[in-house]
Amino acid sequence: MSESCERNGERVQLNNAANNASYRLAWPATIREAWVQASSFLAENGVDDAGHHAELLLRHVLGMERTAYLVALTEQLPEDAVSVFEEAISRRSTGEPTQYIMGEAYFYGLSFEVTSDVLIPRPETELLVEAVLAEADRLWPLEAQLRVVDIGTGSGAIACALAHERPHWRVSAGDISPAALAVAKSNAERLGVAERMLWHQGDLLNPFAGCEMDILVSNPPYIPADDIAGLMREVRDYEPHTALDGGADGLDPYRRLVGMLTTLSKAPRLIGFEVGQGQARDVAALLAHAGYNEKLIIVPDLAGIERHVIGIRTME
């Protein structure tokens with residue numbers, strides 16, 4: 001059980017982390033001491049890289065960039081920051097992702113709003129954006145006004161990053177979740193790319209039937225349904241399952257997306273997918289069977305896992 005007391009005007013909290021008690025800071029404390037206490041609490045509650053997350057949340061509460069934070073470590077933590085920091089650390093100790101607590105995540109050097117309605121953008125997905133940009137630059141003139149569609153856009157990370165990097169592209173984004181689309185639209189506004197983007201609510205390519213596109217990109221749900229229960233608690237308990245569940249083997253969205261290409265008046269020349277571990281070869285085979293065999297590229301992530309598949313079809 002947690003026990004707190006008042007001693008000489010100081011708040012003292014003794015925590016038994018195993019009980020997942022609400023975090024209480026022993027205050028007054030310097031910013032560094034607050035970080036040490038919070039790091040210890042998070043580590044005892046099973047948070048990996050606890051010091052990193054404690055720092056992120058502390059800097060968020062204080063509104064400090066890292067340089068200013070490091071300079072201020074010996075200063076006393078302001079009293080008006082104590083309860084906000086305690087709440088943030090309490091939430092993180094239960095497994096809630098730091099990005100949801102802060103309401104922000106960075107992707108491709110850009111700041112994105114994130115809520116529990118969307119997946120948190122992952123660093124490895126930046127490699128998909130890089131691969132799509134590189135192949136597009138090889139296939140088309142740099143000034144080409146390409147029609148690009150992002151399916152399952154979530155926070156809008158991929159679509160907004162592409163629109164930001166190529167202002168002359170016409171980028172559309174779709175998602176089955178109206179709540180996710182609202183977050184994506186908000187991100188497009190904050191990044192200044194909203195006027196060059198279109199939004200479609202619906203299942204996969206259904207809202208795009210009869211459309212023409214040059215590039216299709218997607219990071220669809222790819223976790224096998226039976227594996228979701230074994231995911232780390234930050235993902236399993238907090239991220240939206242509709243953005244995780246890829247069916248029995250995790251490949252259902254890819255089969256459906258490739259099968260729906262026939263509903264388009266002009267299929268894309270370039271398709272880029274993010275895939276789960278062990279899925280790249282199967283997804284590459286799907287694309288090859290659909291005619292995307294002029295060039296097939298499998299891109300590993302920084303851990304060496306085959307994470308992205310790029311397929312290009314021969315011009316008609």
# chains A, B, ... in the order shown; residues from 1 in each chain; ligands from 1
>>> closest_atom_pairs(of="segment 178-244 of chain A", to="segment 274-280 of chain A", cutoff="7 Å", atoms="only C-alpha atoms", output="CSV")
residue,atom,partner,partner_atom,distance
A:Ser218,CA,A:Glu274,CA,6.6
A:Asn219,CA,A:Glu274,CA,4.8
A:Tyr222,CA,A:Gly276,CA,5.8
A:Ile223,CA,A:Gly276,CA,6.8
>>> select_by_dssp(residues="segment 193-253 of chain A", states="alpha helix (DSSP H)", output="list of chain:residue names")
A:Arg233, A:Glu234, A:Val235, A:Arg236, A:Asp252, A:Pro253
>>> atom_distance(atom1="atom CA of Leu244 of chain A", atom2="atom CA of Ser177 of chain A")
13.1 Å
>>> closest_residue(among="A:Leu70, A:Ala180, A:Leu77, A:Leu58", to="Trp27 of chain A", atoms="only C-alpha atoms")
A:Leu77
>>> closest_residue(among="A:Leu162, A:Ala173, A:Met102, A:Ala267", to="Ala134 of chain A", atoms="only C-alpha atoms")
A:Leu162
>>> decode(residues="segment 208-240 of chain A", atoms="N, CA and C atoms", output="CSV table (one decimal), in the first residue's frame")
chain,number,residue,atom,x,y,z
A,208,PHE,N,-12.7,5.0,-53.3
A,208,PHE,CA,-11.9,5.4,-54.4
A,208,PHE,C,-12.3,4.7,-55.7
A,209,ALA,N,-13.4,4.0,-55.7
A,209,ALA,CA,-13.8,3.2,-56.9
A,209,ALA,C,-14.0,4.2,-58.0
A,210,GLY,N,-13.5,3.8,-59.2
A,210,GLY,CA,-13.6,4.6,-60.4
A,210,GLY,C,-12.6,5.7,-60.5
A,211,CYS,N,-11.7,5.8,-59.5
A,211,CYS,CA,-10.7,6.9,-59.5
A,211,CYS,C,-9.4,6.4,-60.2
A,212,GLU,N,-8.6,7.4,-60.6
A,212,GLU,CA,-7.3,7.2,-61.1
A,212,GLU,C,-6.2,7.6,-60.0
A,213,MET,N,-5.1,6.8,-60.0
A,213,MET,CA,-4.1,7.2,-59.1
A,213,MET,C,-2.7,6.7,-59.6
A,214,ASP,N,-1.7,7.4,-59.2
A,214,ASP,CA,-0.3,7.1,-59.6
A,214,ASP,C,0.4,6.3,-58.6
A,215,ILE,N,0.2,6.6,-57.3
A,215,ILE,CA,0.8,6.0,-56.2
A,215,ILE,C,-0.2,5.6,-55.2
A,216,LEU,N,-0.1,4.4,-54.7
A,216,LEU,CA,-0.9,3.9,-53.6
A,216,LEU,C,0.1,3.5,-52.5
A,217,VAL,N,-0.2,4.0,-51.3
A,217,VAL,CA,0.7,3.7,-50.1
A,217,VAL,C,-0.2,3.3,-49.0
A,218,SER,N,0.2,2.3,-48.2
A,218,SER,CA,-0.7,1.9,-47.0
A,218,SER,C,0.2,1.2,-46.0
A,219,ASN,N,-0.2,1.5,-44.7
A,219,ASN,CA,0.3,0.8,-43.6
A,219,ASN,C,-0.9,0.2,-42.9
A,220,PRO,N,-1.4,-0.9,-43.4
A,220,PRO,CA,-2.7,-1.4,-43.0
A,220,PRO,C,-2.5,-2.3,-41.7
A,221,PRO,N,-3.6,-2.7,-41.1
A,221,PRO,CA,-3.5,-3.6,-40.0
A,221,PRO,C,-2.8,-4.9,-40.4
A,222,TYR,N,-1.8,-5.4,-39.7
A,222,TYR,CA,-1.2,-6.6,-40.1
A,222,TYR,C,-0.8,-7.6,-39.0
A,223,ILE,N,-1.4,-7.4,-37.8
A,223,ILE,CA,-1.1,-8.3,-36.7
A,223,ILE,C,-2.1,-9.5,-36.8
A,224,PRO,N,-1.6,-10.7,-36.9
A,224,PRO,CA,-2.6,-11.8,-36.8
A,224,PRO,C,-3.5,-11.7,-35.6
A,225,ALA,N,-4.8,-12.0,-35.8
A,225,ALA,CA,-5.7,-11.8,-34.7
A,225,ALA,C,-5.4,-12.5,-33.4
A,226,ASP,N,-4.9,-13.7,-33.5
A,226,ASP,CA,-4.6,-14.4,-32.3
A,226,ASP,C,-3.3,-13.9,-31.6
A,227,ASP,N,-2.5,-13.1,-32.2
A,227,ASP,CA,-1.3,-12.5,-31.6
A,227,ASP,C,-1.5,-11.3,-30.8
A,228,ILE,N,-2.7,-10.6,-31.0
A,228,ILE,CA,-2.9,-9.3,-30.4
A,228,ILE,C,-2.9,-9.4,-28.8
A,229,ALA,N,-3.4,-10.5,-28.3
A,229,ALA,CA,-3.4,-10.7,-26.8
A,229,ALA,C,-2.0,-10.7,-26.3
A,230,GLY,N,-1.0,-11.1,-27.1
A,230,GLY,CA,0.4,-11.2,-26.6
A,230,GLY,C,1.2,-10.0,-26.8
A,231,LEU,N,0.6,-8.9,-27.4
A,231,LEU,CA,1.4,-7.7,-27.6
A,231,LEU,C,1.7,-7.0,-26.3
A,232,MET,N,2.7,-6.2,-26.4
A,232,MET,CA,3.1,-5.4,-25.2
A,232,MET,C,1.9,-4.5,-24.8
A,233,ARG,N,1.7,-4.3,-23.5
A,233,ARG,CA,0.5,-3.7,-23.0
A,233,ARG,C,0.3,-2.3,-23.6
A,234,GLU,N,1.3,-1.6,-23.9
A,234,GLU,CA,1.2,-0.3,-24.5
A,234,GLU,C,0.4,-0.3,-25.8
A,235,VAL,N,0.6,-1.4,-26.5
A,235,VAL,CA,-0.1,-1.5,-27.8
A,235,VAL,C,-1.5,-2.2,-27.6
A,236,ARG,N,-1.4,-3.4,-26.9
A,236,ARG,CA,-2.6,-4.2,-26.7
A,236,ARG,C,-3.8,-3.4,-26.0
A,237,ASP,N,-3.4,-2.7,-25.0
A,237,ASP,CA,-4.5,-2.1,-24.1
A,237,ASP,C,-4.8,-0.7,-24.5
A,238,TYR,N,-4.1,0.0,-25.4
A,238,TYR,CA,-4.3,1.4,-25.6
A,238,TYR,C,-4.5,1.8,-27.1
A,239,GLU,N,-3.8,1.1,-28.0
A,239,GLU,CA,-3.9,1.5,-29.4
A,239,GLU,C,-5.2,0.8,-30.0
A,240,PRO,N,-5.8,1.4,-31.0
A,240,PRO,CA,-7.1,0.9,-31.6
A,240,PRO,C,-6.9,-0.4,-32.3
